[in-house]
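Novice: Below is the file data06.pdb, which contains PDB, C-alpha atoms and all ligand atoms.
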ATOM      1  CA  MET A   1      -8.981   2.210 -24.943
ATOM      2  CA  LEU A   2     -10.846   1.388 -21.769
ATOM      3  CA  VAL A   3     -13.025   4.288 -20.740
ATOM      4  CA  GLY A   4     -14.092   5.269 -17.248
ATOM      5  CA  GLY A   5     -13.722   3.591 -13.911
ATOM      6  CA  ALA A   6     -11.193   3.893 -11.127
ATOM      7  CA  ASP A   7      -7.720   2.516 -10.395
ATOM      8  CA  LEU A   8      -7.386   2.587  -6.613
ATOM      9  CA  HIS A   9      -4.015   0.905  -6.065
ATOM     10  CA  LEU A  10      -0.986   2.800  -7.396
ATOM     11  CA  HIS A  11       2.581   3.545  -6.264
ATOM     12  CA  SER A  12       4.739   6.585  -7.029
ATOM     13  CA  ARG A  13       8.323   7.701  -6.460
ATOM     14  CA  HIS A  14       7.282   8.632  -2.925
ATOM     15  CA  SER A  15       7.677   4.920  -2.177
ATOM     16  CA  ASP A  16       8.821   2.190  -4.584
ATOM     17  CA  GLY A  17       7.167   3.374  -7.806
ATOM     18  CA  THR A  18       8.997   5.189 -10.583
ATOM     19  CA  LEU A  19       6.635   8.062 -11.570
ATOM     20  CA  ARG A  20       5.791  11.334  -9.859
ATOM     21  CA  PRO A  21       2.247  11.647  -8.485
ATOM     22  CA  ALA A  22       1.339  14.447 -10.954
ATOM     23  CA  ARG A  23       2.494  12.295 -13.862
ATOM     24  CA  ILE A  24       0.418   9.351 -12.637
ATOM     25  CA  VAL A  25      -2.731  11.483 -12.535
ATOM     26  CA  GLU A  26      -1.957  12.942 -15.977
ATOM     27  CA  LEU A  27      -1.520   9.445 -17.417
ATOM     28  CA  ALA A  28      -4.711   8.342 -15.656
ATOM     29  CA  ALA A  29      -6.627  11.164 -17.345
ATOM     30  CA  GLY A  30      -5.075  10.133 -20.663
ATOM     31  CA  HIS A  31      -6.184   6.538 -20.054
ATOM     32  CA  GLY A  32      -9.777   7.661 -19.499
ATOM     33  CA  LEU A  33      -9.790   6.938 -15.759
ATOM     34  CA  GLU A  34     -12.361   8.917 -13.751
ATOM     35  CA  ALA A  35     -10.792   8.310 -10.348
ATOM     36  CA  VAL A  36      -7.526   7.146  -8.816
ATOM     37  CA  SER A  37      -5.921   6.660  -5.447
ATOM     38  CA  LEU A  38      -2.196   6.837  -4.825
ATOM     39  CA  THR A  39      -1.404   4.142  -2.252
ATOM     40  CA  ASP A  40       2.299   4.472  -1.518
ATOM     41  CA  HIS A  41       3.907   2.220   1.081
ATOM     42  CA  ASP A  42       4.127   3.904   4.512
ATOM     43  CA  THR A  43       3.882   7.468   3.222
ATOM     44  CA  VAL A  44       1.265  10.043   2.252
ATOM     45  CA  SER A  45       3.789  12.619   1.047
ATOM     46  CA  GLY A  46       2.611  12.290  -2.580
ATOM     47  CA  VAL A  47      -1.101  12.643  -1.826
ATOM     48  CA  GLU A  48      -1.308  16.472  -1.964
ATOM     49  CA  GLU A  49       0.317  16.569  -5.414
ATOM     50  CA  ALA A  50      -2.086  13.887  -6.656
ATOM     51  CA  LEU A  51      -5.113  15.729  -5.229
ATOM     52  CA  GLU A  52      -4.018  19.005  -6.774
ATOM     53  CA  THR A  53      -3.390  17.459 -10.198
ATOM     54  CA  GLY A  54      -6.732  15.671  -9.998
ATOM     55  CA  ARG A  55      -8.555  18.952  -9.332
ATOM     56  CA  ARG A  56      -6.794  20.526 -12.308
ATOM     57  CA  LEU A  57      -7.543  17.657 -14.714
ATOM     58  CA  GLY A  58     -10.978  16.642 -13.481
ATOM     59  CA  VAL A  59      -9.897  13.238 -12.117
ATOM     60  CA  ARG A  60     -11.325  12.284  -8.716
ATOM     61  CA  VAL A  61      -8.464  11.511  -6.328
ATOM     62  CA  LEU A  62      -8.978   9.683  -3.066
ATOM     63  CA  SER A  63      -6.217   9.903  -0.445
ATOM     64  CA  GLY A  64      -4.531   6.534   0.006
ATOM     65  CA  VAL A  65      -1.703   4.590   1.647
ATOM     66  CA  GLU A  66      -0.555   0.942   1.892
ATOM     67  CA  LEU A  67       0.638  -0.447   5.225
ATOM     68  CA  SER A  68       2.119  -3.795   6.176
ATOM     69  CA  ALA A  69       0.548  -5.390   9.195
ATOM     70  CA  GLU A  70       0.392  -8.712  10.932
ATOM     71  CA  PHE A  71      -2.576 -11.027  11.365
ATOM     72  CA  LEU A  72      -2.206 -14.432  13.064
ATOM     73  CA  GLY A  73       1.521 -14.388  12.314
ATOM     74  CA  HIS A  74       1.048 -13.645   8.604
ATOM     75  CA  GLU A  75       2.151 -10.445   6.893
ATOM     76  CA  ILE A  76      -0.857  -8.702   5.414
ATOM     77  CA  HIS A  77      -1.136  -5.468   3.440
ATOM     78  CA  LEU A  78      -3.769  -2.930   4.303
ATOM     79  CA  LEU A  79      -4.949   0.019   2.251
ATOM     80  CA  GLY A  80      -6.223   3.206   3.858
ATOM     81  CA  TYR A  81      -8.589   5.414   1.852
ATOM     82  CA  GLY A  82     -10.151   8.831   2.238
ATOM     83  CA  PHE A  83      -8.298   9.897   5.429
ATOM     84  CA  ASP A  84      -7.059  13.394   6.238
ATOM     85  CA  PRO A  85      -3.508  13.403   4.790
ATOM     86  CA  GLY A  86      -2.477  16.055   7.354
ATOM     87  CA  ASP A  87      -3.548  14.061  10.415
ATOM     88  CA  PRO A  88      -0.630  14.429  12.877
ATOM     89  CA  VAL A  89      -1.086  11.033  14.570
ATOM     90  CA  LEU A  90      -1.109   9.210  11.222
ATOM     91  CA  LEU A  91       1.904  11.188  10.001
ATOM     92  CA  SER A  92       3.965  10.416  13.075
ATOM     93  CA  ALA A  93       3.073   6.691  12.919
ATOM     94  CA  LEU A  94       4.163   6.561   9.270
ATOM     95  CA  GLU A  95       7.385   8.405  10.044
ATOM     96  CA  GLY A  96       8.306   5.705  12.558
ATOM     97  CA  TYR A  97       7.821   3.018   9.920
ATOM     98  CA  ARG A  98       9.923   4.892   7.366
ATOM     99  CA  ARG A  99      12.733   5.305   9.898
ATOM    100  CA  GLU A 100      12.583   1.576  10.499
ATOM    101  CA  ARG A 101      12.796   0.956   6.729
ATOM    102  CA  GLU A 102      16.101   2.864   6.743
ATOM    103  CA  LEU A 103      17.495   0.785   9.590
ATOM    104  CA  ARG A 104      16.439  -2.344   7.757
ATOM    105  CA  ALA A 105      18.194  -1.165   4.557
ATOM    106  CA  GLU A 106      21.362  -0.760   6.641
ATOM    107  CA  ARG A 107      21.015  -4.362   7.806
ATOM    108  CA  ILE A 108      20.455  -5.589   4.245
ATOM    109  CA  VAL A 109      23.537  -3.695   3.028
ATOM    110  CA  ALA A 110      25.568  -5.204   5.898
ATOM    111  CA  ARG A 111      24.447  -8.680   4.828
ATOM    112  CA  LEU A 112      25.336  -7.974   1.206
ATOM    113  CA  ASN A 113      28.771  -6.693   2.250
ATOM    114  CA  HIS A 114      29.249  -9.826   4.322
ATOM    115  CA  LEU A 115      28.513 -11.828   1.151
ATOM    116  CA  GLY A 116      31.250  -9.859  -0.599
ATOM    117  CA  ILE A 117      28.896  -7.523  -2.526
ATOM    118  CA  PRO A 118      30.378  -4.025  -2.171
ATOM    119  CA  LEU A 119      27.120  -2.013  -2.138
ATOM    120  CA  ARG A 120      27.153   1.214  -0.120
ATOM    121  CA  LEU A 121      24.193   2.599   1.815
ATOM    122  CA  GLU A 122      24.494   5.990   0.035
ATOM    123  CA  GLN A 123      23.841   4.244  -3.262
ATOM    124  CA  VAL A 124      20.594   2.885  -1.834
ATOM    125  CA  PHE A 125      19.513   6.302  -0.536
ATOM    126  CA  GLU A 126      20.317   7.761  -3.930
ATOM    127  CA  ALA A 127      18.106   5.168  -5.631
ATOM    128  CA  ALA A 128      15.249   5.920  -3.224
ATOM    129  CA  ASP A 129      15.554   9.672  -3.862
ATOM    130  CA  GLY A 130      13.726  10.554  -0.636
ATOM    131  CA  GLY A 131      10.944   7.963  -1.068
ATOM    132  CA  ALA A 132       9.966   5.400   1.589
ATOM    133  CA  LEU A 133      12.869   2.984   1.273
ATOM    134  CA  GLY A 134      12.055  -0.532   0.094
ATOM    135  CA  ARG A 135      13.714  -3.595  -1.364
ATOM    136  CA  PRO A 136      13.075  -2.321  -4.931
ATOM    137  CA  HIS A 137      15.519   0.525  -4.171
ATOM    138  CA  LEU A 138      18.122  -2.007  -3.055
ATOM    139  CA  ALA A 139      17.532  -3.851  -6.326
ATOM    140  CA  ASP A 140      17.864  -0.573  -8.280
ATOM    141  CA  ALA A 141      21.099   0.291  -6.458
ATOM    142  CA  LEU A 142      22.566  -3.189  -7.057
ATOM    143  CA  LEU A 143      21.687  -2.939 -10.743
ATOM    144  CA  ARG A 144      23.086   0.586 -11.158
ATOM    145  CA  ALA A 145      26.321  -0.458  -9.467
ATOM    146  CA  GLY A 146      26.597  -3.383 -11.894
ATOM    147  CA  LEU A 147      26.443  -5.873  -9.024
ATOM    148  CA  VAL A 148      23.516  -7.821 -10.527
ATOM    149  CA  SER A 149      22.442  -8.190 -14.139
ATOM    150  CA  SER A 150      18.739  -7.418 -13.664
ATOM    151  CA  PHE A 151      16.286  -5.892 -11.195
ATOM    152  CA  GLN A 152      14.495  -9.233 -10.867
ATOM    153  CA  GLY A 153      17.832 -11.004 -10.432
ATOM    154  CA  ALA A 154      18.517  -8.899  -7.332
ATOM    155  CA  PHE A 155      15.316 -10.200  -5.728
ATOM    156  CA  ASP A 156      15.890 -13.783  -6.839
ATOM    157  CA  ARG A 157      19.498 -13.935  -5.628
ATOM    158  CA  TYR A 158      19.494 -11.732  -2.545
ATOM    159  CA  LEU A 159      16.311  -9.953  -1.525
ATOM    160  CA  ASN A 160      13.431 -12.425  -1.531
ATOM    161  CA  PRO A 161      12.449 -14.243   1.669
ATOM    162  CA  GLY A 162      14.771 -17.206   2.116
ATOM    163  CA  ARG A 163      17.575 -15.482   0.176
ATOM    164  CA  PRO A 164      20.738 -14.472   2.062
ATOM    165  CA  ALA A 165      20.204 -10.708   2.304
ATOM    166  CA  PHE A 166      16.514 -10.831   3.224
ATOM    167  CA  VAL A 167      15.561  -8.936   6.356
ATOM    168  CA  SER A 168      11.915  -8.739   7.426
ATOM    169  CA  ARG A 169      10.241  -5.520   8.356
ATOM    170  CA  MET A 170       8.462  -4.140  11.392
ATOM    171  CA  ARG A 171       4.690  -4.361  10.941
ATOM    172  CA  PHE A 172       1.613  -2.775  12.430
ATOM    173  CA  SER A 173      -0.758  -4.924  14.414
ATOM    174  CA  LEU A 174      -4.248  -4.895  12.925
ATOM    175  CA  ASP A 175      -5.427  -2.659  15.787
ATOM    176  CA  GLN A 176      -2.579  -0.163  15.346
ATOM    177  CA  ALA A 177      -3.298   0.071  11.625
ATOM    178  CA  ARG A 178      -7.006   0.547  12.298
ATOM    179  CA  GLN A 179      -6.282   3.273  14.858
ATOM    180  CA  ALA A 180      -3.927   5.074  12.470
ATOM    181  CA  ILE A 181      -6.306   4.987   9.487
ATOM    182  CA  GLU A 182      -9.719   5.332  11.143
ATOM    183  CA  GLY A 183      -8.322   7.902  13.591
ATOM    184  CA  ALA A 184      -7.505  10.051  10.544
ATOM    185  CA  GLY A 185     -11.058   9.538   9.226
ATOM    186  CA  GLY A 186     -10.167   6.809   6.706
ATOM    187  CA  LEU A 187     -11.425   3.389   5.625
ATOM    188  CA  LEU A 188      -9.267   0.305   6.273
ATOM    189  CA  VAL A 189      -9.272  -2.211   3.403
ATOM    190  CA  LEU A 190      -7.519  -5.589   3.153
ATOM    191  CA  ALA A 191      -5.218  -5.512   0.081
ATOM    192  CA  HIS A 192      -4.817  -8.519  -2.282
ATOM    193  CA  PRO A 193      -6.237 -10.897   0.392
ATOM    194  CA  HIS A 194      -5.274 -14.285  -1.087
ATOM    195  CA  LEU A 195      -1.660 -13.227  -1.561
ATOM    196  CA  ASN A 196      -1.115 -13.557   2.170
ATOM    197  CA  LEU A 197      -4.048 -15.374   3.731
ATOM    198  CA  SER A 198      -6.124 -18.530   3.301
ATOM    199  CA  SER A 199      -9.837 -18.140   2.601
ATOM    200  CA  ALA A 200     -10.575 -19.182   6.187
ATOM    201  CA  ASN A 201      -8.284 -16.500   7.604
ATOM    202  CA  ILE A 202      -9.761 -13.879   5.265
ATOM    203  CA  ARG A 203     -13.217 -14.685   6.634
ATOM    204  CA  LEU A 204     -11.852 -14.473  10.195
ATOM    205  CA  LEU A 205     -10.310 -11.094   9.495
ATOM    206  CA  ALA A 206     -13.552  -9.885   7.933
ATOM    207  CA  GLU A 207     -15.322 -10.860  11.148
ATOM    208  CA  GLU A 208     -12.775  -9.016  13.285
ATOM    209  CA  GLY A 209     -13.781  -5.904  11.375
ATOM    210  CA  ILE A 210     -12.265  -4.651   8.196
ATOM    211  CA  GLY A 211     -13.785  -1.707   6.321
ATOM    212  CA  GLY A 212     -13.459  -3.179   2.842
ATOM    213  CA  LEU A 213     -11.885  -5.907   0.700
ATOM    214  CA  GLU A 214      -9.709  -5.499  -2.370
ATOM    215  CA  THR A 215     -11.360  -7.872  -4.812
ATOM    216  CA  VAL A 216      -9.675  -6.729  -8.033
ATOM    217  CA  HIS A 217      -5.879  -7.075  -8.168
ATOM    218  CA  PRO A 218      -3.469  -8.565 -10.735
ATOM    219  CA  LYS A 219      -2.452 -11.379  -8.364
ATOM    220  CA  LEU A 220      -6.024 -12.513  -7.645
ATOM    221  CA  LYS A 221      -7.541 -15.315  -9.713
ATOM    222  CA  PRO A 222     -11.081 -14.788 -11.057
ATOM    223  CA  SER A 223     -12.433 -17.431  -8.669
ATOM    224  CA  GLN A 224     -10.776 -15.655  -5.709
ATOM    225  CA  SER A 225     -12.191 -12.301  -6.849
ATOM    226  CA  ARG A 226     -15.680 -13.799  -6.991
ATOM    227  CA  GLU A 227     -15.311 -15.316  -3.525
ATOM    228  CA  LEU A 228     -14.152 -11.959  -2.136
ATOM    229  CA  GLU A 229     -17.005 -10.076  -3.840
ATOM    230  CA  GLU A 230     -19.496 -12.406  -2.161
ATOM    231  CA  LEU A 231     -17.838 -11.964   1.217
ATOM    232  CA  ALA A 232     -17.827  -8.152   0.865
ATOM    233  CA  GLU A 233     -21.468  -8.201  -0.128
ATOM    234  CA  ARG A 234     -22.424 -10.448   2.799
ATOM    235  CA  ARG A 235     -20.683  -8.116   5.223
ATOM    236  CA  GLY A 236     -22.028  -4.960   3.573
ATOM    237  CA  ILE A 237     -18.565  -3.468   3.009
ATOM    238  CA  PRO A 238     -17.125  -1.948  -0.186
ATOM    239  CA  SER A 239     -15.033  -4.035  -2.558
ATOM    240  CA  THR A 240     -12.153  -2.082  -4.089
ATOM    241  CA  GLY A 241      -9.370  -2.715  -6.565
ATOM    242  CA  GLY A 242      -6.741  -1.547  -8.953
ATOM    243  CA  SER A 243      -3.621  -2.381 -10.923
ATOM    244  CA  ASP A 244      -0.995  -2.032  -8.114
ATOM    245  CA  CYS A 245       1.086  -0.393 -10.832
ATOM    246  CA  HIS A 246       4.584   0.777  -9.838
ATOM    247  CA  GLY A 247       5.434   2.524 -13.145
ATOM    248  CA  PRO A 248       7.880   1.853 -15.986
ATOM    249  CA  GLY A 249      11.002  -0.065 -14.957
ATOM    250  CA  ARG A 250       8.938  -2.161 -12.549
ATOM    251  CA  GLY A 251       7.390  -4.604 -14.971
ATOM    252  CA  PRO A 252       4.971  -3.674 -17.754
ATOM    253  CA  MET A 253       3.283  -0.284 -17.564
ATOM    254  CA  CYS A 254      -0.062  -1.243 -16.121
ATOM    255  CA  LEU A 255      -1.785   1.924 -14.915
ATOM    256  CA  GLY A 256      -5.527   1.529 -15.494
ATOM    257  CA  SER A 257      -5.133  -2.060 -16.715
ATOM    258  CA  LEU A 258      -7.403  -3.190 -13.872
ATOM    259  CA  ARG A 259     -10.314  -1.008 -12.844
ATOM    260  CA  VAL A 260     -13.321  -0.902 -10.609
ATOM    261  CA  PRO A 261     -16.507   1.035 -11.417
ATOM    262  CA  LEU A 262     -16.611   4.683 -10.393
ATOM    263  CA  GLU A 263     -19.457   3.811  -7.976
ATOM    264  CA  THR A 264     -16.799   2.110  -5.834
ATOM    265  CA  VAL A 265     -15.535   5.563  -4.898
ATOM    266  CA  ASP A 266     -19.082   6.638  -3.949
ATOM    267  CA  ARG A 267     -19.436   3.490  -1.857
ATOM    268  CA  ILE A 268     -16.108   4.173  -0.092
ATOM    269  CA  GLU A 269     -17.252   7.722   0.622
ATOM    270  CA  ALA A 270     -20.571   6.485   2.011
ATOM    271  CA  ALA A 271     -18.683   4.047   4.264
ATOM    272  CA  LEU A 272     -16.433   6.915   5.401
ATOM    273  CA  ARG A 273     -19.470   8.957   6.444
ATOM    274  CA  GLY A 274     -20.673   5.936   8.436
ATOM    275  CA  ILE A 275     -17.317   5.640  10.208
ATOM    276  CA  GLY A 276     -17.306   9.394  10.915
ATOM    277  CA  LYS A 277     -20.758   9.163  12.518
ATOM    278  CA  ARG A 278     -19.797   6.100  14.559
ATOM    279  CA  ARG A 279     -16.634   7.765  15.864
ATOM    280  CA  ALA A 280     -18.525  10.963  16.697
ATOM    281  CA  ARG A 281     -21.032   8.896  18.720
ATOM    282  CA  GLU A 282     -18.191   7.075  20.494
ATOM    283  CA  THR A 283     -16.488  10.380  21.355
ATOM    284  CA  ALA A 284     -19.756  11.909  22.550
ATOM    285  CA  GLY A 285     -20.391   8.730  24.591
ATOM    286  CA  ALA A 286     -16.936   8.976  26.183
ATOM    287  CA  VAL A 287     -17.463  12.658  27.064
ATOM    288  CA  HIS A 288     -20.899  11.845  28.461
ATOM    289  CA  ALA A 289     -19.567   8.967  30.559
ATOM    290  CA  GLY A 290     -16.758  11.234  31.780
ATOM    291  CA  ALA A 291     -19.237  13.972  32.741
ATOM    292  CA  GLY A 292     -21.383  11.496  34.692
ATOM    293  CA  ARG A 293     -18.555  10.549  37.040
TER     294      ARG A 293
HETATM  295  P1  LIG F   1       9.510  -3.977   1.024
HETATM  296  O1  LIG F   1       8.305  -3.137   1.306
HETATM  297  O2  LIG F   1      10.778  -3.223   1.198
HETATM  298  O3  LIG F   1       9.513  -5.293   1.728
HETATM  299  O4  LIG F   1       9.447  -4.318  -0.532
HETATM  300  C1  LIG F   1       8.285  -4.888  -1.034
HETATM  301  C2  LIG F   1       8.069  -4.369  -2.440
HETATM  302  O5  LIG F   1       9.045  -4.966  -3.284
HETATM  303  C3  LIG F   1       6.711  -4.790  -2.983
HETATM  304  O6  LIG F   1       5.758  -3.802  -2.738
HETATM  305  C4  LIG F   1       7.009  -4.921  -4.456
HETATM  306  O7  LIG F   1       6.916  -3.632  -5.034
HETATM  307  C5  LIG F   1       8.465  -5.363  -4.508
HETATM  308  N1  LIG F   1       8.699  -6.821  -4.594
HETATM  309  C6  LIG F   1       8.519  -7.743  -3.624
HETATM  310  N2  LIG F   1       8.897  -8.972  -4.045
HETATM  311  C7  LIG F   1       9.342  -8.825  -5.303
HETATM  312  C8  LIG F   1       9.870  -9.714  -6.287
HETATM  313  N3  LIG F   1      10.026 -11.020  -6.045
HETATM  314  N4  LIG F   1      10.222  -9.198  -7.480
HETATM  315  C9  LIG F   1      10.083  -7.896  -7.740
HETATM  316  N5  LIG F   1       9.585  -7.000  -6.870
HETATM  317  C10 LIG F   1       9.216  -7.450  -5.663
HETATM  318 FE    FE F   2       5.636  -2.031  -3.830
HETATM  319 FE    FE F   3       0.911  -4.958  -1.346
HETATM  320 ZN    ZN F   4       0.811  -2.058  -3.574
END
Would you mind writing the structure in this file as structure tokens?
Specialist:
Amino acid sequence: MLVGGADLHLHSRHSDGTLRPARIVELAAGHGLEAVSLTDHDTVSGVEEALETGRRLGVRVLSGVELSAEFLGHEIHLLGYGFDPGDPVLLSALEGYRRERELRAERIVARLNHLGIPLRLEQVFEAADGGALGRPHLADALLRAGLVSSFQGAFDRYLNPGRPAFVSRMRFSLDQARQAIEGAGGLLVLAHPHLNLSSANIRLLAEEGIGGLETVHPKLKPSQSRELEELAERRGIPSTGGSDCHGPGRGPMCLGSLRVPLETVDRIEAALRGIGKRRARETAGAVHAGAGR
């Protein structure tokens, strides 16, 4: 068994994963992990449960979320870490994105129906069970209704980009995502960089200001991880990582299969203190400028 370290990229039933947050933290403790972050898509509704379970079991839990955003016309994924999960501005931004996910599911179902696939929207909501609705729930619903023969088959035939029921999703701009995460006191990290961007665009994004880079992820090659580590080091920002595990029924059970050292969490927390100080200075500066007028 691997001992120690942190898995900072995990999904639960609150979005498109299959396990409850408490169960994830229990399994993490059982796998010898010292720290985790739950990074559900567009929701922080599982964070409290994870934090509470972590306190009970002695696992450090960092608040987390994964957002889709756009950079130079490319979809990118951003991770937020260490923010206040009760921040009202962040919560209302996320709610807007979840509402849009529902409208998009309606459009996907309409396309499927047009193709002669008799899936009903209620079946999709049932599969999502209150979690932020994503294509995996459409795949689950298609499978449960016997309309495809496998979860993966649903993506390959209908749901992947270029397939007939694909509908893209509304995305944050980089600035909106930064506002939402940093405004709630969090650190903004670029997730699995090479999945969406060329090396040149990753460097550009790093220059535009990103709080950290995910350098350890199952879809990154060792050479890409090394390149990202060097870039993070040059820019003096934390490098983060994790398994991006979605739980059983979503590929092999991979919680804790990829880890970063526990010091990563300390480094994230140090960066968060830096951001807090910078924002406090900016606010004080704004008040001062206002008073001078
Ligand atoms: P969505 O956020 O609704 O666009 O769905 C994206 C999620 O679907 C990702 O986070 C993955 O969990 C999953 N996913 C995307 N593409 C595939 C694929 N080809 N096969 C299986 N799962 C996928
Ligand atoms: Fe996912
Ligand atoms: Fe992602
Ligand atoms: Zn993810």
Novice: Please write as a PDB file with C-alpha atoms, in the coordinates of the input the list of polymer residues whose atoms come within 7 Å of (2.4, -4.8, 2.0), counting only C-alpha atoms and keeping to the coordinates of the file.
Specialist:
ATOM      1  CA  GLU A  66      -0.555   0.942   1.892  1.00  0.00           C
ATOM      2  CA  LEU A  67       0.638  -0.447   5.225  1.00  0.00           C
ATOM      3  CA  SER A  68       2.119  -3.795   6.176  1.00  0.00           C
ATOM      4  CA  ILE A  76      -0.857  -8.702   5.414  1.00  0.00           C
ATOM      5  CA  HIS A  77      -1.136  -5.468   3.440  1.00  0.00           C
ATOM      6  CA  LEU A  78      -3.769  -2.930   4.303  1.00  0.00           C
TER       7      LEU A  78
END
Novice: With distances taken over only C-alpha atoms, which of A:Leu103, A:Ala69, A:Val59, A:Val265 is nearest to A:Leu174?
Specialist: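 Of the candidates, the smallest distance to A:Leu174 is held by A:Ala69.
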Novice: Near A:Ala35, within 8 Å and counting only C-alpha atoms, which residues show up once chain neighbours fewer than 4 positions away are dropped, as a list in words?
Specialist: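 Surrounding residues, per the criterion: Gly5, Ala6, Asp7, Leu8, Val59, Arg60, Val61, Leu62, Leu262 and Val265 of chain A.
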Novice: Which residues match the PyMOL selection byres (((chain A and resi 41) around 7) and not hetatm) in the file above, as an MDAnalysis selection string?
Specialist: chainID A and resid 15 39:40 42:43 65:67 132
Novice: Could you make a table, as a Markdown table, of the residues of stretch 28-128 of chain A that have an atom within 10 Å of an atom of stretch 155-169 of chain A, each with its nearest atom pair and distance in Å to one decimal, counting all atoms listed in the file, in chain and number order?
Specialist:
| residue | atom | partner | partner_atom | distance |
| --- | --- | --- | --- | --- |
| A:Ser68 | CA | A:Arg169 | CA | 8.6 |
| A:Ala69 | CA | A:Arg169 | CA | 9.7 |
| A:Glu75 | CA | A:Arg169 | CA | 9.6 |
| A:Tyr97 | CA | A:Arg169 | CA | 9.0 |
| A:Glu100 | CA | A:Arg169 | CA | 7.8 |
| A:Arg101 | CA | A:Arg169 | CA | 7.1 |
| A:Leu103 | CA | A:Arg169 | CA | 9.7 |
| A:Arg104 | CA | A:Val167 | CA | 6.8 |
| A:Ala105 | CA | A:Val167 | CA | 8.4 |
| A:Arg107 | CA | A:Val167 | CA | 7.3 |
| A:Ile108 | CA | A:Ala165 | CA | 5.5 |
| A:Val109 | CA | A:Ala165 | CA | 7.8 |
| A:Ala110 | CA | A:Ala165 | CA | 8.5 |
| A:Arg111 | CA | A:Ala165 | CA | 5.3 |
| A:Leu112 | CA | A:Ala165 | CA | 5.9 |
| A:Asn113 | CA | A:Ala165 | CA | 9.5 |
| A:His114 | CA | A:Ala165 | CA | 9.3 |
| A:Leu115 | CA | A:Pro164 | CA | 8.3 |
Novice: Could those residues be written to a file, using C-alpha atoms, as a JSON list (two decimals), in the frame of the given file?
Specialist:
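See part-v2.json below for the written result:
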[["chain", "number", "residue", "atom", "x", "y", "z"],
["A", 68, "SER", "CA", 2.12, -3.80, 6.18],
["A", 69, "ALA", "CA", 0.55, -5.39, 9.20],
["A", 75, "GLU", "CA", 2.15, -10.44, 6.89],
["A", 97, "TYR", "CA", 7.82, 3.02, 9.92],
["A", 100, "GLU", "CA", 12.58, 1.58, 10.50],
["A", 101, "ARG", "CA", 12.80, 0.96, 6.73],
["A", 103, "LEU", "CA", 17.50, 0.78, 9.59],
["A", 104, "ARG", "CA", 16.44, -2.34, 7.76],
["A", 105, "ALA", "CA", 18.19, -1.16, 4.56],
["A", 107, "ARG", "CA", 21.02, -4.36, 7.81],
["A", 108, "ILE", "CA", 20.45, -5.59, 4.24],
["A", 109, "VAL", "CA", 23.54, -3.70, 3.03],
["A", 110, "ALA", "CA", 25.57, -5.20, 5.90],
["A", 111, "ARG", "CA", 24.45, -8.68, 4.83],
["A", 112, "LEU", "CA", 25.34, -7.97, 1.21],
["A", 113, "ASN", "CA", 28.77, -6.69, 2.25],
["A", 114, "HIS", "CA", 29.25, -9.83, 4.32],
["A", 115, "LEU", "CA", 28.51, -11.83, 1.15]]
Novice: What are the nearest atom pairs, with distances in Å to one decimal, for all residues of stretch 161-190 of chain A that come at most 9 Å from stretch 208-220 of chain A, using all atoms listed in the file, set out by chain and rising residue number as a Markdown table?
Specialist:
| residue | atom | partner | partner_atom | distance |
| --- | --- | --- | --- | --- |
| A:Arg178 | CA | A:Ile210 | CA | 8.5 |
| A:Leu187 | CA | A:Gly211 | CA | 5.7 |
| A:Leu188 | CA | A:Gly211 | CA | 4.9 |
| A:Val189 | CA | A:Gly212 | CA | 4.3 |
| A:Leu190 | CA | A:Leu213 | CA | 5.0 |
Novice: For the residues in the current selection, export C-alpha atoms as an mmCIF file, in the coordinates of the input.
Specialist:
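Full text of part-v3.cif as output:
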data_model
loop_
_atom_site.group_PDB
_atom_site.id
_atom_site.type_symbol
_atom_site.label_atom_id
_atom_site.label_comp_id
_atom_site.auth_asym_id
_atom_site.auth_seq_id
_atom_site.Cartn_x
_atom_site.Cartn_y
_atom_site.Cartn_z
ATOM 1 C CA ARG A 178 -7.006 0.547 12.298
ATOM 2 C CA LEU A 187 -11.425 3.389 5.625
ATOM 3 C CA LEU A 188 -9.267 0.305 6.273
ATOM 4 C CA VAL A 189 -9.272 -2.211 3.403
ATOM 5 C CA LEU A 190 -7.519 -5.589 3.153
#
Novice: Written as a VMD selection string, which residues does the PyMOL selection byres (((chain A and resi 245) around 7) and not hetatm) give for the file shown?
Specialist: chain A and resid 10 to 11 243 to 244 246 to 247 254 to 255
Novice: Need the axis-aligned box for stretch 197-211 of chain A with 8 Å each side, so what are the centre and edges in Å to one decimal, as JSON?
Specialist:
{"center_x": -9.7, "center_y": -10.4, "center_z": 7.9, "size_x": 27.3, "size_y": 33.5, "size_z": 26.7}
Novice: Can you list, as a PyMOL selection string, the residues that the PyMOL selection byres (((chain A and resi 238) around 7) and not hetatm) selects here?
Specialist: chain A and resi 212-213+232+236-237+239-240+264+267-268
Novice: Here is a test: counting all atoms listed in the file, which residue of A:Gly17, A:Gly80, A:Gly274, A:Gly58 is nearest to A:Ala127?
Specialist: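 Looking at the shortest contact to A:Ala127, the residue is A:Gly17.
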Novice: Name the residues in contact with A:Arg278 at a cut-off of 12 Å, using only C-alpha atoms, excluding same-chain residues fewer than 5 positions from it; report them as an MDAnalysis selection string.
Specialist: chainID A and resid 182:183 185 271:273 283:285
Novice: Write out as a VMD selection string the residues lying within 8 Å of A:Gly131, counting all atoms listed in the file and excluding same-chain residues fewer than 6 positions away.
Specialist: chain A and resid 13 to 16
Novice: Calculated over only C-alpha atoms and all ligand atoms, which of the candidates A:Ser92, A:Gln152, A:Gln179, A:Ser12 has the smallest distance to ligand LIG 1 (chain F)?
Specialist: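 Counting only C-alpha atoms and all ligand atoms, the residue closest to ligand LIG 1 (chain F) is A:Gln152.
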Novice: For A:His137, work out the shell of residues within 9 Å, counting all atoms listed in the file and skipping chain neighbours fewer than 4 positions away, then give it as a short mmCIF file (atom, residue, chain, number, x, y, z; two decimals) with C-alpha atoms, in the frame of the given file.
Specialist:
data_model
loop_
_atom_site.label_atom_id
_atom_site.label_comp_id
_atom_site.auth_asym_id
_atom_site.auth_seq_id
_atom_site.Cartn_x
_atom_site.Cartn_y
_atom_site.Cartn_z
CA ASP A 16 8.82 2.19 -4.58
CA VAL A 124 20.59 2.88 -1.83
CA PHE A 125 19.51 6.30 -0.54
CA GLU A 126 20.32 7.76 -3.93
CA ALA A 127 18.11 5.17 -5.63
CA ALA A 128 15.25 5.92 -3.22
CA LEU A 133 12.87 2.98 1.27
CA ALA A 141 21.10 0.29 -6.46
CA LEU A 142 22.57 -3.19 -7.06
#
